[in-house]
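What follows is a set of notes on a single structure, which appears directly below.
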Amino acid sequence: MSLLTAIQRISLTTLMVFGSILVYGQTTISKWQDGKTGAVSITYDDGSINQFRKALPIMNRMNIPATFYIITGQIPGSQYPGRFIGRPVKDIILETATIPTNKDNFYERASAAGFLGFQGTLDYHTNAGAQIDAGRVDAAYKIMDELYKKVRDGGFAPGNKVNNEVEEAKGVTWDDIRTYAAQGHEFGSHTVTHARLAALDEANMLYELEKSREDILKQLGPKYTFSAEGPYGIENERVMEYAHKIYPALRNRMPEPFLEELNRSSRKNPGSFNKEYVQWQRGATTKTPMPLMKSWIDTTAAKDNIWLVLVIHGVDGIGWEALTSAALDEYFQYMKAEEKDLWIATFADVTKYIRERMNASIKTKEKKDKVTVSLTHNLDKSMYDIPLTLKTYVPDAWDDIEVRQKNLIKILKPQKDAKGSFVTYQALPNAGEIKLVSK
């Protein structure tokens, strides 16, 4: 048997190159789009007005997309404003005179707290929710007892006062948001009223989560109902159980087996994990030195599995821990300079890419003058529609290579690595075969 015959019998697609084996047609999916080293998502909470007046133009100038989590109830034209769902509040107030707050009535009382018709009661809801988040249940009960005693004693002025986040978000319209979305930015829910979800009963929690989604769906379309952020960075398991049934992705939590989550308070080194991906959330605040913020970019570019998720609130004096637009300009320029290594994309796009890649299947057929690649995934095709970046090895003799998927055609020059010649290209899963031919 000749050597050529032996090689052909082993595999028609195996070539010997300088003593190493190159698998002709071998195709892999790059960890990040376009073969980048890491990913960065810029996210803004609350939708405070200067995020759009000051920060968004800076990002547009640099062609950087961002994700904005907006409080929908205060936007003119929204169908669902803040409200309490339940018994008449006067009945709840009367009941508190004889029955202390306990596990059976806490959630109802905390849900009603901001809708009692008095100024300042919403703060008690917020503070009680913080105690629940921290696991201090008895302290939360005590806050409710103090609130309702003060109500019964006439300790509040009549009226209604919204929280600071809602007040600072006023000024943006749905027409504005549609314009910004058309510029490439993502919008997602930050609930109807920026409530402390951990302090709400089921009916009122679902109202905050579902009705915000419904307004976004009506005003922007299904694309913008993909991701959400529960206010205050909540990770409460009870809340997450409800929220994950409504939104495919939450910045709060993404419990994926292939993803390590490091929240904003984590001090762990993101480079010390061996999981396929590490989502590293960092809060950029007035207390964050610029060199530290830049070091996050450096770390992400130096590794191959980090997804840096930046969390920003206020801008130029409006919003919590407001950064200056000058600082944002400097930071985004630094980030943009590393774009050869970093994929800067919305939270939704990175989430979709990761999930598609981890659920994808590749099949290849190789002939002498053609490679055919089948790329599929088992996710919801209407939702998961981000192109994946593929790397396919081709014979060294191939020069100009046509990559075709239906009517999308690109002519590429091959590159080389230690294994041989290859091309990288984008392809849509479940969108038909990809054909590579030598031209």
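Labels used: A, B, ... for chains in the order of the structure tokens, numbers from 1 for residues in each chain, and numbers from 1 for ligands as shown.
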- request: Run DSSP on the backbone and give me the residues of region 114-248 of chain A it puts in strand (DSSP E or B), as an MDAnalysis selection string.
  value: chainID A and resid 118 158 186:189 227:228
task: Identify all residues of region 42-147 of chain A in alpha helix (DSSP H) (DSSP on the backbone) and supply them as a ChimeraX atom specification.
output: /A:49-50,56-62,89-95,106-112,122-133,137-147
query: What's the 10 Å shell around Leu375 (chain A), counting only C-alpha atoms, without same-chain residues fewer than 4 positions away, as a PyMOL selection string?
result: chain A and resi 27+29+360-364+388+390+427-434
Grab the residues selected above and save them as a PDB file, in the first residue's frame with N, CA and C atoms.
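Ended up saving to selection26.pdb:
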```
ATOM      1  N   THR A  27     -13.596  23.232  12.113  1.00  0.00           N
ATOM      2  CA  THR A  27     -14.232  24.519  12.369  1.00  0.00           C
ATOM      3  C   THR A  27     -14.543  24.661  13.851  1.00  0.00           C
ATOM      4  N   ILE A  29     -15.819  27.702  17.014  1.00  0.00           N
ATOM      5  CA  ILE A  29     -16.489  28.981  17.254  1.00  0.00           C
ATOM      6  C   ILE A  29     -15.623  29.802  18.184  1.00  0.00           C
ATOM      7  N   ALA A 360     -24.268  25.475  20.600  1.00  0.00           N
ATOM      8  CA  ALA A 360     -24.171  25.294  19.151  1.00  0.00           C
ATOM      9  C   ALA A 360     -23.654  23.904  18.777  1.00  0.00           C
ATOM     10  N   SER A 361     -24.010  23.504  17.571  1.00  0.00           N
ATOM     11  CA  SER A 361     -23.508  22.260  16.990  1.00  0.00           C
ATOM     12  C   SER A 361     -22.954  22.566  15.606  1.00  0.00           C
ATOM     13  N   ILE A 362     -21.768  22.023  15.302  1.00  0.00           N
ATOM     14  CA  ILE A 362     -21.120  22.244  14.005  1.00  0.00           C
ATOM     15  C   ILE A 362     -20.909  20.900  13.313  1.00  0.00           C
ATOM     16  N   LYS A 363     -21.287  20.848  12.053  1.00  0.00           N
ATOM     17  CA  LYS A 363     -20.989  19.688  11.217  1.00  0.00           C
ATOM     18  C   LYS A 363     -20.342  20.183   9.933  1.00  0.00           C
ATOM     19  N   THR A 364     -19.322  19.501   9.476  1.00  0.00           N
ATOM     20  CA  THR A 364     -18.630  19.913   8.258  1.00  0.00           C
ATOM     21  C   THR A 364     -18.556  18.763   7.260  1.00  0.00           C
ATOM     22  N   LEU A 388     -22.329  34.229  14.971  1.00  0.00           N
ATOM     23  CA  LEU A 388     -21.165  33.681  15.652  1.00  0.00           C
ATOM     24  C   LEU A 388     -19.955  33.785  14.727  1.00  0.00           C
ATOM     25  N   LEU A 390     -16.791  32.083  13.244  1.00  0.00           N
ATOM     26  CA  LEU A 390     -16.239  30.750  13.012  1.00  0.00           C
ATOM     27  C   LEU A 390     -14.813  30.839  12.484  1.00  0.00           C
ATOM     28  N   ALA A 427     -21.215  33.969  10.898  1.00  0.00           N
ATOM     29  CA  ALA A 427     -22.306  33.182  10.317  1.00  0.00           C
ATOM     30  C   ALA A 427     -23.465  33.138  11.297  1.00  0.00           C
ATOM     31  N   LEU A 428     -24.655  33.110  10.754  1.00  0.00           N
ATOM     32  CA  LEU A 428     -25.858  33.021  11.584  1.00  0.00           C
ATOM     33  C   LEU A 428     -26.229  31.561  11.811  1.00  0.00           C
ATOM     34  N   PRO A 429     -26.414  31.160  13.062  1.00  0.00           N
ATOM     35  CA  PRO A 429     -26.901  29.798  13.303  1.00  0.00           C
ATOM     36  C   PRO A 429     -28.302  29.607  12.731  1.00  0.00           C
ATOM     37  N   ASN A 430     -28.580  28.390  12.326  1.00  0.00           N
ATOM     38  CA  ASN A 430     -29.912  28.016  11.839  1.00  0.00           C
ATOM     39  C   ASN A 430     -30.351  28.835  10.626  1.00  0.00           C
ATOM     40  N   ALA A 431     -29.413  29.325   9.846  1.00  0.00           N
ATOM     41  CA  ALA A 431     -29.735  30.173   8.698  1.00  0.00           C
ATOM     42  C   ALA A 431     -29.245  29.574   7.398  1.00  0.00           C
ATOM     43  N   GLY A 432     -29.037  28.291   7.369  1.00  0.00           N
ATOM     44  CA  GLY A 432     -28.596  27.641   6.142  1.00  0.00           C
ATOM     45  C   GLY A 432     -27.106  27.308   6.177  1.00  0.00           C
ATOM     46  N   GLU A 433     -26.693  26.433   5.288  1.00  0.00           N
ATOM     47  CA  GLU A 433     -25.305  25.992   5.235  1.00  0.00           C
ATOM     48  C   GLU A 433     -24.371  27.140   4.832  1.00  0.00           C
ATOM     49  N   ILE A 434     -23.135  27.049   5.343  1.00  0.00           N
ATOM     50  CA  ILE A 434     -22.087  27.978   4.961  1.00  0.00           C
ATOM     51  C   ILE A 434     -21.132  27.218   4.033  1.00  0.00           C
TER      52      ILE A 434
END
```
task: Could you check how far CA of Thr351 (chain A) sits from CA of Ser227 (chain A), in Å to one decimal?
output: 9.1 Å
task: Using only C-alpha atoms, determine which residues lie at most 9 Å from region 324-335 of chain A, disregarding the query and same-chain residues fewer than 4 positions distant; provide the list as a PyMOL selection string.
output: chain A and resi 40+54-55+58-59+62+64+286+290+293-294+297-298+314-317+339+342+344
Can you write just those residues out, N, CA and C atoms, as a PDB file, in the first residue's frame?
```pdb
ATOM      1  N   VAL A  40     -16.791  43.710  26.720  1.00  0.00           N
ATOM      2  CA  VAL A  40     -17.184  44.772  27.656  1.00  0.00           C
ATOM      3  C   VAL A  40     -18.604  45.199  27.329  1.00  0.00           C
ATOM      4  N   LYS A  54     -25.977  63.749  28.110  1.00  0.00           N
ATOM      5  CA  LYS A  54     -24.528  63.948  28.187  1.00  0.00           C
ATOM      6  C   LYS A  54     -23.719  62.713  27.785  1.00  0.00           C
ATOM      7  N   ALA A  55     -24.059  61.536  28.335  1.00  0.00           N
ATOM      8  CA  ALA A  55     -23.234  60.351  28.089  1.00  0.00           C
ATOM      9  C   ALA A  55     -23.487  59.741  26.717  1.00  0.00           C
ATOM     10  N   ILE A  58     -21.551  61.097  23.722  1.00  0.00           N
ATOM     11  CA  ILE A  58     -20.140  60.706  23.760  1.00  0.00           C
ATOM     12  C   ILE A  58     -19.974  59.313  23.153  1.00  0.00           C
ATOM     13  N   MET A  59     -20.843  58.403  23.558  1.00  0.00           N
ATOM     14  CA  MET A  59     -20.757  57.037  23.031  1.00  0.00           C
ATOM     15  C   MET A  59     -21.069  56.990  21.537  1.00  0.00           C
ATOM     16  N   MET A  62     -18.126  57.842  19.433  1.00  0.00           N
ATOM     17  CA  MET A  62     -17.119  56.789  19.346  1.00  0.00           C
ATOM     18  C   MET A  62     -17.682  55.478  18.810  1.00  0.00           C
ATOM     19  N   ILE A  64     -19.897  53.480  20.223  1.00  0.00           N
ATOM     20  CA  ILE A  64     -19.919  52.517  21.324  1.00  0.00           C
ATOM     21  C   ILE A  64     -21.370  52.310  21.753  1.00  0.00           C
ATOM     22  N   THR A 286     -18.419  57.861  41.722  1.00  0.00           N
ATOM     23  CA  THR A 286     -17.585  59.043  41.994  1.00  0.00           C
ATOM     24  C   THR A 286     -16.372  58.686  42.843  1.00  0.00           C
ATOM     25  N   MET A 290      -9.825  56.842  38.332  1.00  0.00           N
ATOM     26  CA  MET A 290      -9.716  56.540  36.908  1.00  0.00           C
ATOM     27  C   MET A 290      -8.671  55.453  36.621  1.00  0.00           C
ATOM     28  N   MET A 293     -10.348  52.140  37.108  1.00  0.00           N
ATOM     29  CA  MET A 293     -11.294  51.847  36.037  1.00  0.00           C
ATOM     30  C   MET A 293     -10.566  51.390  34.777  1.00  0.00           C
ATOM     31  N   LYS A 294      -9.447  52.023  34.484  1.00  0.00           N
ATOM     32  CA  LYS A 294      -8.675  51.628  33.303  1.00  0.00           C
ATOM     33  C   LYS A 294      -8.046  50.247  33.496  1.00  0.00           C
ATOM     34  N   ILE A 297     -10.142  47.449  32.238  1.00  0.00           N
ATOM     35  CA  ILE A 297     -10.026  47.252  30.786  1.00  0.00           C
ATOM     36  C   ILE A 297      -8.776  46.431  30.472  1.00  0.00           C
ATOM     37  N   ASP A 298      -7.673  46.779  31.114  1.00  0.00           N
ATOM     38  CA  ASP A 298      -6.415  46.068  30.878  1.00  0.00           C
ATOM     39  C   ASP A 298      -6.539  44.586  31.230  1.00  0.00           C
ATOM     40  N   GLY A 314     -25.466  57.874  37.817  1.00  0.00           N
ATOM     41  CA  GLY A 314     -25.619  59.290  37.499  1.00  0.00           C
ATOM     42  C   GLY A 314     -24.547  59.823  36.566  1.00  0.00           C
ATOM     43  N   VAL A 315     -24.893  60.941  35.919  1.00  0.00           N
ATOM     44  CA  VAL A 315     -23.965  61.647  35.028  1.00  0.00           C
ATOM     45  C   VAL A 315     -24.124  63.152  35.261  1.00  0.00           C
ATOM     46  N   ASP A 316     -23.014  63.832  35.451  1.00  0.00           N
ATOM     47  CA  ASP A 316     -22.998  65.293  35.599  1.00  0.00           C
ATOM     48  C   ASP A 316     -24.021  65.796  36.609  1.00  0.00           C
ATOM     49  N   GLY A 317     -23.948  65.228  37.829  1.00  0.00           N
ATOM     50  CA  GLY A 317     -24.735  65.753  38.933  1.00  0.00           C
ATOM     51  C   GLY A 317     -26.146  65.239  39.051  1.00  0.00           C
ATOM     52  N   GLU A 339      -9.957  48.331  21.338  1.00  0.00           N
ATOM     53  CA  GLU A 339     -11.012  47.620  20.632  1.00  0.00           C
ATOM     54  C   GLU A 339     -10.480  46.480  19.764  1.00  0.00           C
ATOM     55  N   LEU A 342     -10.939  43.933  22.379  1.00  0.00           N
ATOM     56  CA  LEU A 342     -12.170  43.913  23.161  1.00  0.00           C
ATOM     57  C   LEU A 342     -13.394  44.052  22.266  1.00  0.00           C
ATOM     58  N   ILE A 344     -16.859  45.373  22.353  1.00  0.00           N
ATOM     59  CA  ILE A 344     -17.718  46.262  23.130  1.00  0.00           C
ATOM     60  C   ILE A 344     -19.136  46.107  22.585  1.00  0.00           C
TER      61      ILE A 344
END
```
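Residue nearest Ala337 (chain A) within the list A:Ala322, A:Ala301, A:Asn102, A:Thr179: A:Ala301 [criterion: smallest interatomic distance, only C-alpha atoms].
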task: Would you list the contacts of Val192 (chain A) as a ChimeraX atom specification, taking every protein, DNA or RNA residue within 7 Å and counting only C-alpha atoms, but skipping same-chain residues closer than 2 positions in sequence?
output: /A:71-73,81-82,190,194,208,211-212
Only N, CA and C atoms, please: the residues just picked out, written as a CSV table (one decimal), in the first residue's frame.
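part.csv written:
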```
chain,number,residue,atom,x,y,z
A,71,ILE,N,-36.8,53.0,34.1
A,71,ILE,CA,-37.9,53.0,35.0
A,71,ILE,C,-39.1,53.4,34.1
A,72,THR,N,-40.0,52.5,33.8
A,72,THR,CA,-41.0,52.8,32.8
A,72,THR,C,-42.2,53.5,33.3
A,73,GLY,N,-42.6,53.4,34.5
A,73,GLY,CA,-43.8,54.0,35.0
A,73,GLY,C,-43.9,55.5,34.9
A,81,PRO,N,-48.6,53.0,35.3
A,81,PRO,CA,-47.9,53.8,36.4
A,81,PRO,C,-47.7,53.0,37.6
A,82,GLY,N,-47.0,53.5,38.6
A,82,GLY,CA,-46.9,52.8,39.9
A,82,GLY,C,-48.3,52.7,40.6
A,190,HIS,N,-36.1,48.3,34.2
A,190,HIS,CA,-35.7,48.5,35.6
A,190,HIS,C,-36.9,48.7,36.5
A,194,HIS,N,-39.0,51.4,40.3
A,194,HIS,CA,-37.7,51.2,41.0
A,194,HIS,C,-38.0,50.8,42.5
A,208,GLU,N,-44.7,45.0,39.0
A,208,GLU,CA,-43.5,45.7,38.7
A,208,GLU,C,-42.7,45.1,37.5
A,211,LYS,N,-45.5,44.5,34.0
A,211,LYS,CA,-46.1,45.7,33.4
A,211,LYS,C,-45.0,46.6,32.8
A,212,SER,N,-43.8,46.6,33.4
A,212,SER,CA,-42.7,47.3,32.8
A,212,SER,C,-42.4,46.6,31.5
```
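Among the candidate residues A:Asn359, A:Asn204, A:Ser265, A:Thr37, the one lying nearest to Gly114 (chain A) is A:Asn204, with distances computed using only C-alpha atoms.
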- request: Write out as number ranges by chain which residues come within 8 Å of Thr67 (chain A) when counting only C-alpha atoms, dropping same-chain ones fewer than 3 positions away.
  value: A: 41-44, 185-188, 346-347
Write out the residues from the selection above, keeping C-alpha atoms, as a short mmCIF file (atom, residue, chain, number, x, y, z; two decimals), in the first residue's frame.
```
data_model
loop_
_atom_site.label_atom_id
_atom_site.label_comp_id
_atom_site.auth_asym_id
_atom_site.auth_seq_id
_atom_site.Cartn_x
_atom_site.Cartn_y
_atom_site.Cartn_z
CA SER A 41 -20.79 45.85 28.22
CA ILE A 42 -21.56 49.36 29.43
CA THR A 43 -24.81 49.43 31.39
CA TYR A 44 -26.70 52.35 32.92
CA HIS A 185 -28.37 51.02 22.10
CA GLU A 186 -30.22 48.40 24.14
CA PHE A 187 -33.07 49.23 26.50
CA GLY A 188 -34.33 46.94 29.25
CA THR A 346 -24.70 45.47 24.68
CA PHE A 347 -25.55 43.20 27.57
#
```
Tell me, as a JSON list (two decimals) with C-alpha atoms, in the first residue's frame, which residues lie within 12 Å of His125 (chain A), counting only C-alpha atoms; anything in the same chain fewer than 2 positions away does not count.
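Result saved to out.json:
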```
[["chain", "number", "residue", "atom", "x", "y", "z"],
["A", 106, "PHE", "CA", -45.13, 41.80, 56.05],
["A", 107, "TYR", "CA", -45.18, 41.67, 52.26],
["A", 108, "GLU", "CA", -48.63, 43.20, 52.00],
["A", 109, "ARG", "CA", -47.73, 46.04, 54.37],
["A", 110, "ALA", "CA", -44.39, 46.71, 52.67],
["A", 111, "SER", "CA", -46.04, 46.65, 49.23],
["A", 112, "ALA", "CA", -48.63, 49.22, 50.35],
["A", 113, "ALA", "CA", -46.12, 51.44, 52.14],
["A", 114, "GLY", "CA", -45.50, 53.82, 49.24],
["A", 115, "PHE", "CA", -49.17, 54.18, 48.39],
["A", 116, "LEU", "CA", -50.69, 55.24, 51.72],
["A", 120, "GLY", "CA", -42.16, 59.98, 53.18],
["A", 121, "THR", "CA", -43.72, 56.54, 53.60],
["A", 122, "LEU", "CA", -41.94, 55.15, 50.55],
["A", 123, "ASP", "CA", -38.62, 55.41, 52.38],
["A", 127, "ASN", "CA", -35.41, 50.48, 54.01],
["A", 128, "ALA", "CA", -37.43, 47.38, 54.86],
["A", 129, "GLY", "CA", -36.52, 45.84, 51.52],
["A", 130, "ALA", "CA", -32.85, 46.47, 52.21],
["A", 131, "GLN", "CA", -33.19, 44.57, 55.49],
["A", 132, "ILE", "CA", -34.86, 41.63, 53.74],
["A", 140, "ALA", "CA", -37.71, 44.68, 58.43],
["A", 141, "TYR", "CA", -40.77, 43.85, 60.55],
["A", 142, "LYS", "CA", -39.80, 46.56, 63.04],
["A", 143, "ILE", "CA", -39.56, 49.15, 60.25],
["A", 144, "MET", "CA", -43.10, 48.34, 59.14],
["A", 145, "ASP", "CA", -44.43, 48.60, 62.70],
["A", 146, "GLU", "CA", -42.77, 52.00, 63.08],
["A", 147, "LEU", "CA", -44.20, 53.19, 59.76],
["A", 148, "TYR", "CA", -47.79, 52.26, 60.44],
["A", 162, "VAL", "CA", -41.62, 59.33, 44.52],
["A", 163, "ASN", "CA", -38.09, 58.06, 45.07],
["A", 194, "HIS", "CA", -37.72, 51.24, 41.04],
["A", 195, "ALA", "CA", -39.27, 49.28, 43.91],
["A", 196, "ARG", "CA", -37.45, 47.13, 46.44],
["A", 197, "LEU", "CA", -38.64, 43.87, 44.95],
["A", 198, "ALA", "CA", -37.66, 41.81, 47.99],
["A", 199, "ALA", "CA", -40.29, 43.70, 50.03],
["A", 200, "LEU", "CA", -43.19, 43.04, 47.64]]
```
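Interatomic distance, CA of Val278 (chain A) against CA of Phe258 (chain A): 8.5 Å.
Taking CA of Ser272 (chain A) and CA of Gly230 (chain A) as endpoints, the distance between them is 28.0 Å.
Ranking A:Asp45, A:Ser382, A:Glu167, A:Asp138 by their shortest atom-to-atom distance to Glu321 (chain A), with only C-alpha atoms included, puts A:Asp45 first.
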task: Kindly indicate which residue among A:Glu260, A:Asp201, A:Asp104, A:Glu165 lies nearest to Ile70 (chain A), using only C-alpha atoms for the distances.
output: A:Glu165
